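Let me begin by presenting the structure, written as structure tokens, before commenting on it.
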Amino acid sequence: MAGFDAWRAGARVGRAWRTVGADVALVPLAEMGPGWQQAKENLAGPDNTLFIPLDGRDHDSGPMLLSFLSGGGPSTLVDAVGTGRAASGVDLLDIDRVRDHLAERPLIGLCRSGEQDTVLAGAQGLAGRRVDLPLRERLALDRMLRAWADLLAASSSDPSGPADGATLAATPGSGAGGGAGAVVQALGGRVLTGPQALGEIADLDRTIAAADLVVTCCEDFDVDAWGGPVVEYVVQRAAAAGRPVVVITATNHVNLTGQRRNGVEAVHAIGTGDITDACLTFAQSWFW
């Protein structure tokens, strides 16, 4: 919510439920970015997991990962996804060296919500989605991405890695970050969204299973975003556990039918006033 990170906003909402007598467990969730890092620090101290942002839109993580793998040379992976040019002349990626460098550290690639299921190649892959390109260029780009997946798969001697390039290119998340997700997966890592990663750190499913009610927050609740990726993730996890979800938001533009259709029992709009005070009456109506 505006002016507050996930932890502070949640604490103010939780205070309303505590005031009416409820036991409250606070789990901060956020999308990839500064808010995500703050939420992670609020959840736990340092751990052994290496989190790499897969931000292909900023042409950041793709070049960084390929440069790391190929000994410092420049990457054209993300550039190729953007322009349809051929891949660089790199013909060997030292996957095993990087895996040794990780020294058994778990590896998580953090992607934007919505990218966790994208694949590298094929009709639904990065090239297939480039409707702005002529068909010939899309096909050429797809061939390059398949060759890239073959190179990644062939460069690893670890039996736990991808069986072959075709398998890697079709793995959900391989297309995240402009293809950087495939590198993470070739290294034995996983691709998760910001909320998913924080949910795992906090063992969110166990917390939800022990709850009678799940409360989440967003800035706006409307038919365009339905509260955004954090609300979507919370609703998904609560539905799996059979727990009701209510949403605290600054503004609400969705009627009850729309709320229920999207897995939300109720939405409470609080405007710009004090969060705790604005939630008290609503909390009383959702406490038993």
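Chain labels follow the order of the structure tokens: the first chain is A, the next B, and so on; residue numbering restarts at 1 in every chain, and ligands are counted from 1 in their shown order.
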- [ ] Would you return as an MDAnalysis selection string the members of range 107-279 of chain A that DSSP assigns to alpha helix (DSSP H) on this structure's backbone?
- [x] chainID A and resid 135:154 165:169 180:186 194:202 204:209 229:241 256:261 275:279
Task: Contacts of Glu104 in chain A at 12 Å (only C-alpha atoms; same-chain gap of 5+ positions) as a PyMOL selection string - done: chain A and resi 48-50+96+98-99+187-189
Task: Ala170 in chain A environment, 9 Å, only C-alpha atoms, sequence neighbours closer than 5 positions dropped, as a list of chain:residue names - done: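 Here the answer would be A:Thr118, A:Val119, A:Leu120, A:Ala121, A:Gly122, A:Gly125, A:Gly165, A:Gly175.
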For the residues selected in the previous step, produce a file with C-alpha atoms as a CSV table (one decimal), in the first residue's frame.
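Saved file part.csv follows:
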```csv
chain,number,residue,atom,x,y,z
A,118,THR,CA,6.9,-19.0,-20.2
A,119,VAL,CA,9.0,-21.3,-22.3
A,120,LEU,CA,12.1,-20.6,-24.3
A,121,ALA,CA,11.2,-22.0,-27.7
A,122,GLY,CA,8.2,-23.2,-29.7
A,125,GLY,CA,8.2,-19.4,-26.7
A,165,GLY,CA,18.0,-29.0,-25.3
A,175,GLY,CA,11.8,-18.1,-21.2
```
TODO: Pick out the residues sitting within 6 Å of range 195-202 of chain A, and hand them over as a PyMOL selection string; count only C-alpha atoms, and ignore anything fewer than 4 positions along from it in its own chain.
DONE: chain A and resi 29-31
Write the residues of the selection above to a file with N, CA, C and O atoms, as an mmCIF file, in the first residue's frame.
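The result, written out as result.cif:
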```cif
data_model
loop_
_atom_site.group_PDB
_atom_site.id
_atom_site.type_symbol
_atom_site.label_atom_id
_atom_site.label_comp_id
_atom_site.auth_asym_id
_atom_site.auth_seq_id
_atom_site.Cartn_x
_atom_site.Cartn_y
_atom_site.Cartn_z
ATOM 1 N N LEU A 29 4.835 -10.237 1.497
ATOM 2 C CA LEU A 29 5.034 -10.732 0.137
ATOM 3 C C LEU A 29 5.187 -9.535 -0.792
ATOM 4 O O LEU A 29 4.571 -8.494 -0.578
ATOM 5 N N ALA A 30 5.987 -9.687 -1.838
ATOM 6 C CA ALA A 30 6.208 -8.582 -2.770
ATOM 7 C C ALA A 30 6.697 -9.114 -4.098
ATOM 8 O O ALA A 30 7.254 -10.212 -4.184
ATOM 9 N N GLU A 31 6.498 -8.307 -5.135
ATOM 10 C CA GLU A 31 7.058 -8.602 -6.443
ATOM 11 C C GLU A 31 8.565 -8.367 -6.423
ATOM 12 O O GLU A 31 9.105 -7.716 -5.525
#
```
Task: Atom-to-atom span, CA of Val264 in chain A and CA of Val234 in chain A, Å - done: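 Straight-line distance from CA of Val264 in chain A to CA of Val234 in chain A works out to 10.0 Å.
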Task: Nearest-residue call for Leu168 in chain A, choices A:Phe221, A:Gln185, A:Ser113, A:Ser155, using only C-alpha atoms - done: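 Under the stated criterion, the closest residue is A:Gln185.
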TODO: Determine the nearest neighbour of Asp203 in chain A from the options A:Gly10, A:Gly227, A:Pro172, A:Ala25, counting only C-alpha atoms.
DONE: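 Of all the options, A:Ala25 lies closest to Asp203 in chain A.
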Task: Non-local contacts of range 148-154 of chain A (6 Å; only C-alpha atoms; under 2 positions in same chain excluded) as a ChimeraX atom specification - done: /A:145-146,156,162,164-165,169
Open item on the list: So the first atom is CA of Ala269 in chain A and the second is CA of Gly33 in chain A; what is the distance between them in Å, to one decimal place?
Closed with: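 Computing the Euclidean distance for CA of Ala269 in chain A and CA of Gly33 in chain A yields 25.7 Å.
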Open item on the list: Using only C-alpha atoms, can you tell me which of A:Cys111, A:Ala240, A:Val215, A:Ser174 comes closest to Leu26 in chain A?
Closed with: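 Checking each of A:Cys111, A:Ala240, A:Val215, A:Ser174 against Leu26 in chain A, counting only C-alpha atoms, the winner is A:Val215.
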TODO: Find the residue from A:Leu126, A:Ala140, A:Ala176, A:Leu256 that sits nearest to Gly114 in chain A; use only C-alpha atoms when measuring.
DONE: A:Ala176
